[in-house]
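K.L.:
This one is model25.txt, compact mmCIF, C-alpha atoms.
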```
# COMPACT_ATOMS: atom_id res chain seq x y z
CA MET A 1 -12.69 4.08 -7.47
CA LYS A 2 -13.94 1.10 -9.42
CA ALA A 3 -14.83 -2.01 -7.51
CA VAL A 4 -11.98 -4.31 -6.51
CA LEU A 5 -13.00 -7.66 -7.90
CA ALA A 6 -12.07 -11.08 -6.63
CA LEU A 7 -10.17 -11.91 -9.82
CA VAL A 8 -7.73 -9.08 -9.02
CA ILE A 9 -7.82 -9.48 -5.24
CA ILE A 10 -6.42 -13.00 -5.24
CA TYR A 11 -3.29 -11.96 -7.12
CA VAL A 12 -2.82 -8.84 -5.03
CA ALA A 13 -3.32 -10.74 -1.77
CA MET A 14 -0.58 -13.20 -2.73
CA PHE A 15 1.67 -10.29 -3.65
CA PHE A 16 1.32 -8.73 -0.23
CA PHE A 17 1.70 -12.08 1.50
CA ALA A 18 5.12 -12.14 -0.14
CA ILE A 19 6.20 -8.63 0.78
CA GLN A 20 4.91 -8.93 4.34
CA GLY A 21 6.83 -12.17 4.83
CA ALA A 22 9.94 -10.60 3.36
CA SER A 23 9.66 -7.62 5.69
CA GLN A 24 10.07 -9.95 8.63
CA ASN A 25 13.44 -11.05 7.25
CA ASN A 26 15.28 -7.81 6.52
CA VAL A 27 14.32 -5.44 3.72
CA PRO A 28 12.44 -7.07 0.83
CA ALA A 29 14.13 -7.19 -2.54
CA VAL A 30 12.51 -5.11 -5.26
CA HIS A 31 13.01 -6.11 -8.89
CA GLN A 32 14.26 -3.14 -10.88
CA ASP A 33 12.76 -4.47 -14.10
CA GLY A 34 9.23 -4.70 -12.64
CA GLY A 35 6.80 -6.55 -14.88
CA ALA A 36 9.40 -7.07 -17.62
CA ARG A 37 10.92 -10.06 -15.81
CA GLY A 38 9.82 -13.31 -17.37
CA ARG A 39 7.32 -11.75 -19.77
CA THR A 40 6.38 -13.82 -22.79
CA SER A 41 5.14 -12.76 -26.19
CA ILE A 42 1.35 -12.25 -26.28
CA ASP A 43 -0.84 -11.92 -29.32
CA PRO A 44 -1.41 -8.15 -29.66
CA ALA A 45 -5.16 -8.50 -30.11
CA LYS A 46 -5.46 -10.74 -27.08
CA GLU A 47 -3.28 -8.43 -24.99
CA ALA A 48 -5.49 -5.50 -25.96
CA ASP A 49 -8.56 -7.42 -24.80
CA ILE A 50 -6.90 -8.39 -21.51
CA ARG A 51 -5.89 -4.80 -20.86
CA SER A 52 -9.46 -3.71 -21.61
CA LEU A 53 -10.64 -6.25 -19.04
CA MET A 54 -8.12 -4.98 -16.47
CA GLU A 55 -9.35 -1.43 -17.06
CA LEU A 56 -12.97 -2.51 -16.80
CA VAL A 57 -12.47 -4.15 -13.41
CA GLY A 58 -10.20 -1.37 -12.09
CA ALA A 59 -7.06 -3.51 -11.78
CA ARG A 60 -4.63 -0.59 -11.76
CA ASP A 61 -6.60 1.24 -9.09
CA ALA A 62 -6.66 -1.97 -7.06
CA MET A 63 -2.89 -2.26 -7.32
CA GLN A 64 -2.40 1.30 -6.10
CA GLU A 65 -4.83 0.83 -3.22
CA PHE A 66 -3.19 -2.37 -2.05
CA ALA A 67 0.28 -0.86 -2.49
CA ALA A 68 -0.64 1.92 -0.08
CA ARG A 69 -2.08 -0.63 2.34
CA GLY A 70 1.02 -2.80 1.99
CA ALA A 71 3.26 0.19 2.70
CA ASP A 72 1.42 0.70 5.99
CA GLN A 73 1.99 -2.95 6.93
CA LEU A 74 5.66 -2.78 6.02
CA HIS A 75 6.00 0.39 8.08
CA ASP A 76 4.52 -1.29 11.14
CA ASN A 77 6.71 -4.38 10.72
CA LEU A 78 9.90 -2.37 10.26
CA ILE A 79 9.23 0.10 13.08
CA ALA A 80 9.08 -2.82 15.50
CA SER A 81 12.46 -4.16 14.35
CA VAL A 82 14.65 -1.04 14.28
CA PRO A 83 16.05 1.03 17.17
CA ALA A 84 13.42 3.22 18.78
CA ASN A 85 15.22 6.47 18.08
CA GLU A 86 15.27 9.26 15.53
CA ARG A 87 17.70 7.45 13.22
CA GLY A 88 15.55 4.32 13.25
CA GLN A 89 12.47 6.37 12.35
CA LYS A 90 14.38 8.07 9.52
CA PHE A 91 15.41 4.66 8.18
CA VAL A 92 11.81 3.46 8.14
CA ASN A 93 10.61 6.67 6.50
CA ALA A 94 13.34 6.39 3.86
CA PHE A 95 12.39 2.79 3.15
CA ILE A 96 8.70 3.60 2.74
CA GLN A 97 9.51 6.51 0.42
CA GLY A 98 11.76 4.26 -1.65
CA TYR A 99 9.15 1.51 -1.74
CA LYS A 100 6.43 3.86 -2.95
CA ALA A 101 8.79 5.35 -5.55
CA LYS A 102 9.73 1.93 -6.95
CA PHE A 103 6.25 0.42 -6.91
CA ASN A 104 4.88 0.81 -10.42
CA ALA A 105 1.19 -0.01 -10.79
CA ASP A 106 1.59 -0.40 -14.55
CA ASP A 107 4.30 -3.06 -14.08
CA ALA A 108 2.14 -4.86 -11.52
CA THR A 109 -0.82 -4.79 -13.89
CA ALA A 110 1.40 -6.12 -16.69
CA GLN A 111 2.00 -9.22 -14.58
CA LEU A 112 -1.77 -9.72 -14.45
CA VAL A 113 -1.84 -9.56 -18.25
CA ASP A 114 0.71 -12.41 -18.41
CA ILE A 115 -1.26 -14.47 -15.91
CA TYR A 116 -4.54 -14.06 -17.77
CA ASP A 117 -2.83 -14.88 -21.05
CA ARG A 118 -1.69 -18.22 -19.61
CA HIS A 119 -5.04 -19.17 -18.10
CA PHE A 120 -7.64 -17.87 -20.57
CA THR A 121 -8.11 -18.14 -24.30
CA GLN A 122 -8.93 -15.04 -26.30
CA ASP A 123 -12.55 -16.16 -26.64
CA GLU A 124 -12.77 -16.58 -22.84
CA ILE A 125 -11.33 -13.10 -22.33
CA LYS A 126 -13.96 -11.73 -24.70
CA GLY A 127 -16.60 -13.58 -22.68
CA LEU A 128 -15.34 -11.97 -19.48
CA LEU A 129 -15.45 -8.57 -21.16
CA GLN A 130 -19.05 -9.16 -22.15
CA PHE A 131 -19.94 -10.32 -18.64
CA TYR A 132 -18.42 -7.34 -16.84
CA ALA A 133 -20.04 -4.97 -19.34
CA SER A 134 -23.46 -6.50 -18.61
CA PRO A 135 -25.84 -5.35 -15.83
CA LEU A 136 -25.12 -8.56 -13.88
CA GLY A 137 -21.39 -8.06 -14.29
CA GLN A 138 -21.68 -4.47 -13.08
CA LYS A 139 -23.65 -5.63 -10.04
CA PHE A 140 -21.06 -8.33 -9.36
CA ALA A 141 -18.36 -5.66 -9.53
CA ALA A 142 -20.24 -3.42 -7.12
CA GLU A 143 -21.19 -6.13 -4.63
CA MET A 144 -17.93 -8.12 -4.42
CA PRO A 145 -16.08 -5.60 -2.19
CA LYS A 146 -19.03 -5.65 0.25
CA ILE A 147 -19.18 -9.45 0.15
CA ASN A 148 -15.44 -9.68 0.75
CA GLN A 149 -15.68 -7.38 3.76
CA GLU A 150 -18.46 -9.49 5.25
CA MET A 151 -16.46 -12.66 4.55
CA GLN A 152 -13.40 -11.14 6.22
CA ALA A 153 -15.38 -10.23 9.33
CA ALA A 154 -17.01 -13.67 9.45
CA ASN A 155 -13.67 -15.45 8.95
CA ARG A 156 -11.98 -13.39 11.67
CA ALA A 157 -14.81 -14.04 14.14
CA PHE A 158 -14.83 -17.76 13.34
CA SER A 159 -11.03 -18.07 13.63
CA THR A 160 -10.99 -16.12 16.89
CA ARG A 161 -13.72 -18.32 18.36
CA ILE A 162 -11.82 -21.50 17.45
CA ALA A 163 -8.51 -20.12 18.75
CA LYS A 164 -10.03 -19.13 22.07
CA GLY A 165 -11.59 -22.56 22.43
CA VAL A 166 -8.23 -24.29 21.80
CA LEU A 167 -6.54 -21.93 24.25
CA GLN A 168 -9.11 -22.80 26.88
CA ASP A 169 -8.53 -26.51 26.25
CA LEU A 170 -4.80 -26.06 26.87
CA ARG A 171 -5.11 -24.22 30.18
CA ASN A 172 -4.92 -27.45 32.19
CA GLN A 173 -2.00 -28.82 30.18
CA TYR A 174 -0.04 -25.55 30.14
CA PRO A 175 -1.38 -23.57 33.12
CA GLY A 176 1.53 -21.13 33.42
CA ILE A 177 1.67 -20.29 29.73
CA ALA A 178 -1.95 -20.44 28.64
CA ALA A 179 -3.09 -18.14 31.44
CA HIS A 180 -0.96 -15.32 30.02
CA ALA A 181 -1.34 -16.06 26.30
CA ARG A 182 -3.04 -13.29 24.35
CA PHE A 183 -3.81 -12.72 20.70
CA ALA A 184 -2.66 -9.42 19.24
CA LYS A 185 -5.50 -7.47 17.66
CA PRO A 186 -4.76 -6.67 13.99
CA ARG A 187 -4.77 -3.04 12.96
CA ALA A 188 -7.87 -2.02 10.99
CA GLY A 189 -7.52 -3.14 7.40
CA GLN A 190 -4.36 -5.16 8.05
CA ALA A 191 -6.00 -8.55 7.61
CA GLU A 192 -7.85 -7.62 4.45
CA GLY A 193 -5.15 -8.71 2.04
CA ALA A 194 -4.80 -12.07 3.73
CA THR A 195 -8.48 -12.91 3.91
CA ALA A 196 -9.44 -11.46 0.55
CA SER A 197 -8.18 -14.61 -1.13
CA ALA A 198 -11.33 -16.31 0.15
CA GLY A 199 -13.24 -14.56 -2.63
CA THR A 200 -14.48 -16.56 -5.59
CA GLN A 201 -13.03 -16.06 -9.03
CA PRO A 202 -15.42 -15.53 -11.93
```
Write out the structure in this file as C-alpha cells.
P.N.:
Amino acid sequence: MKAVLALVIIYVAMFFFAIQGASQNNVPAVHQDGGARGRTSIDPAKEADIRSLMELVGARDAMQEFAARGADQLHDNLIASVPANERGQKFVNAFIQGYKAKFNADDATAQLVDIYDRHFTQDEIKGLLQFYASPLGQKFAAEMPKINQEMQAANRAFSTRIAKGVLQDLRNQYPGIAAHARFAKPRAGQAEGATASAGTQP
C-alpha cells in the first residue's frame, strides 16, 4: 500500500472523530448520496490534476484502511452499549456489515477533491504533483507514516505522564476517588486516527 500522507491523514482523522462521537450517541447517520452532497462544479482539468495527486499519495487506499480501522472502533463502542446476548451481538454484526457496505472509498475521495479545489489553485496542485513525483517527495511519502507513528507514541507517553502527575496532585484533595481512578488503555491502533492530525501538511 502506498504511504498514508499527512495531507490525507488530517481529513481522515476528522472523519473518524465524527463517526466515533456519533457511535456514542446511537447509530451514526450515513448519507446515502455520499460525496455528491454539496459538491460544486470544478474545472475538469483541475479536477483531473487533483485526482492524479490523490492517486499519487494513495488517498483511496488510505480511506479504505481507515474505514476498516473505524469499523473496529465502532464495533467496540457498540458492543459495550447493547445487551450482552446473542441478539445484541447479531445487531452489532449487522451494523458493521451495513457500515462496510455503505462506505464508498470513491465518494470519500471525491470529498477530498472538493476540499483541495477550495484551498489550492491549479498551479499549486501542479506544484504538489511535481513535488510528490520527485525523489524528495517520494521520501516524504515513505517516511511520513513512520514519523506519525513515532509522534503518536511520543504524544501518548507525554499525555500519560501529565495525566498521572495531575492525578497524583489530586490524591490529597479527593482521596477516596483519586485512589481508585484508572485510565483505560486504548486498544492497539485505536488512538492512531486521533493523534494523526498532529502531522504537518505539505
K.L.:
Which one is closest to Leu56 in chain A: A:Asn104, A:Ser81, A:Gln73, A:Gln130? Count only C-alpha atoms.
P.N.:
A:Gln130
K.L.:
So the first atom is CA of Leu74 in chain A and the second is CA of Gly98 in chain A; what is the distance between them in Å, to one decimal place?
P.N.:
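Separation between CA of Leu74 in chain A and CA of Gly98 in chain A: 12.1 Å.
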K.L.:
Considering only C-alpha atoms, can you say which of A:Lys146, A:Lys139, A:Arg156, A:Arg161 comes closest to Val57 in chain A?
P.N.:
A:Lys139
K.L.:
Do a neighbour search on His75 in chain A at 9 Å with all atoms listed in the file, toss out local chain neighbours closer than 6 positions, and write the hits as JSON, numbers by chain.
P.N.:
{"A": [92, 93, 95, 96]}
K.L.:
Generate the output file for the selected residues, C-alpha atoms, as a short mmCIF file (atom, residue, chain, number, x, y, z; two decimals), in the coordinates of the input.
P.N.:
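Now in result35.cif:
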```
data_model
loop_
_atom_site.label_atom_id
_atom_site.label_comp_id
_atom_site.auth_asym_id
_atom_site.auth_seq_id
_atom_site.Cartn_x
_atom_site.Cartn_y
_atom_site.Cartn_z
CA VAL A 92 11.81 3.46 8.14
CA ASN A 93 10.61 6.67 6.50
CA PHE A 95 12.39 2.79 3.15
CA ILE A 96 8.70 3.60 2.74
#
```
K.L.:
Determine, counting all atoms listed in the file, which protein, DNA and RNA residues have an atom within 12 Å of an atom of Ala133 in chain A; residues of the same chain fewer than 5 positions away are not included. Present the result as a PyMOL selection string.
P.N.:
chain A and resi 52-53+55-57+126-128+138-141
K.L.:
Using CA of Glu47 in chain A and CA of Val113 in chain A as the two end points, give the distance in Å to one decimal.
P.N.:
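Going from CA of Glu47 in chain A over to CA of Val113 in chain A covers 7.0 Å.
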K.L.:
Interatomic distance between CA of Ala68 in chain A and CA of Tyr132 in chain A?
P.N.:
26.1 Å
K.L.:
Need the shell around Ala67 in chain A: protein/DNA/RNA residues with any atom at most 10 Å away, counting all atoms listed in the file. Skip same-chain ones fewer than 2 positions apart. Format as a list of chain:residue names?
P.N.:
A:Val12, A:Phe15, A:Phe16, A:Asp61, A:Ala62, A:Met63, A:Gln64, A:Glu65, A:Arg69, A:Gly70, A:Ala71, A:Asp72, A:Gln73, A:Tyr99, A:Lys100, A:Phe103, A:Asn104, A:Ala105
K.L.:
How big is the axis-aligned box, and where does its centre sit, when it encloses all atoms of range 63-78 of chain A listed in the file and has 8 Å added on every side, reported in Å to one decimal as AutoDock Vina command-line options?
P.N.:
```
--center_x 2.5 --center_y -1.2 --center_z 1.9 --size_x 30.7 --size_y 22.3 --size_z 34.5
```
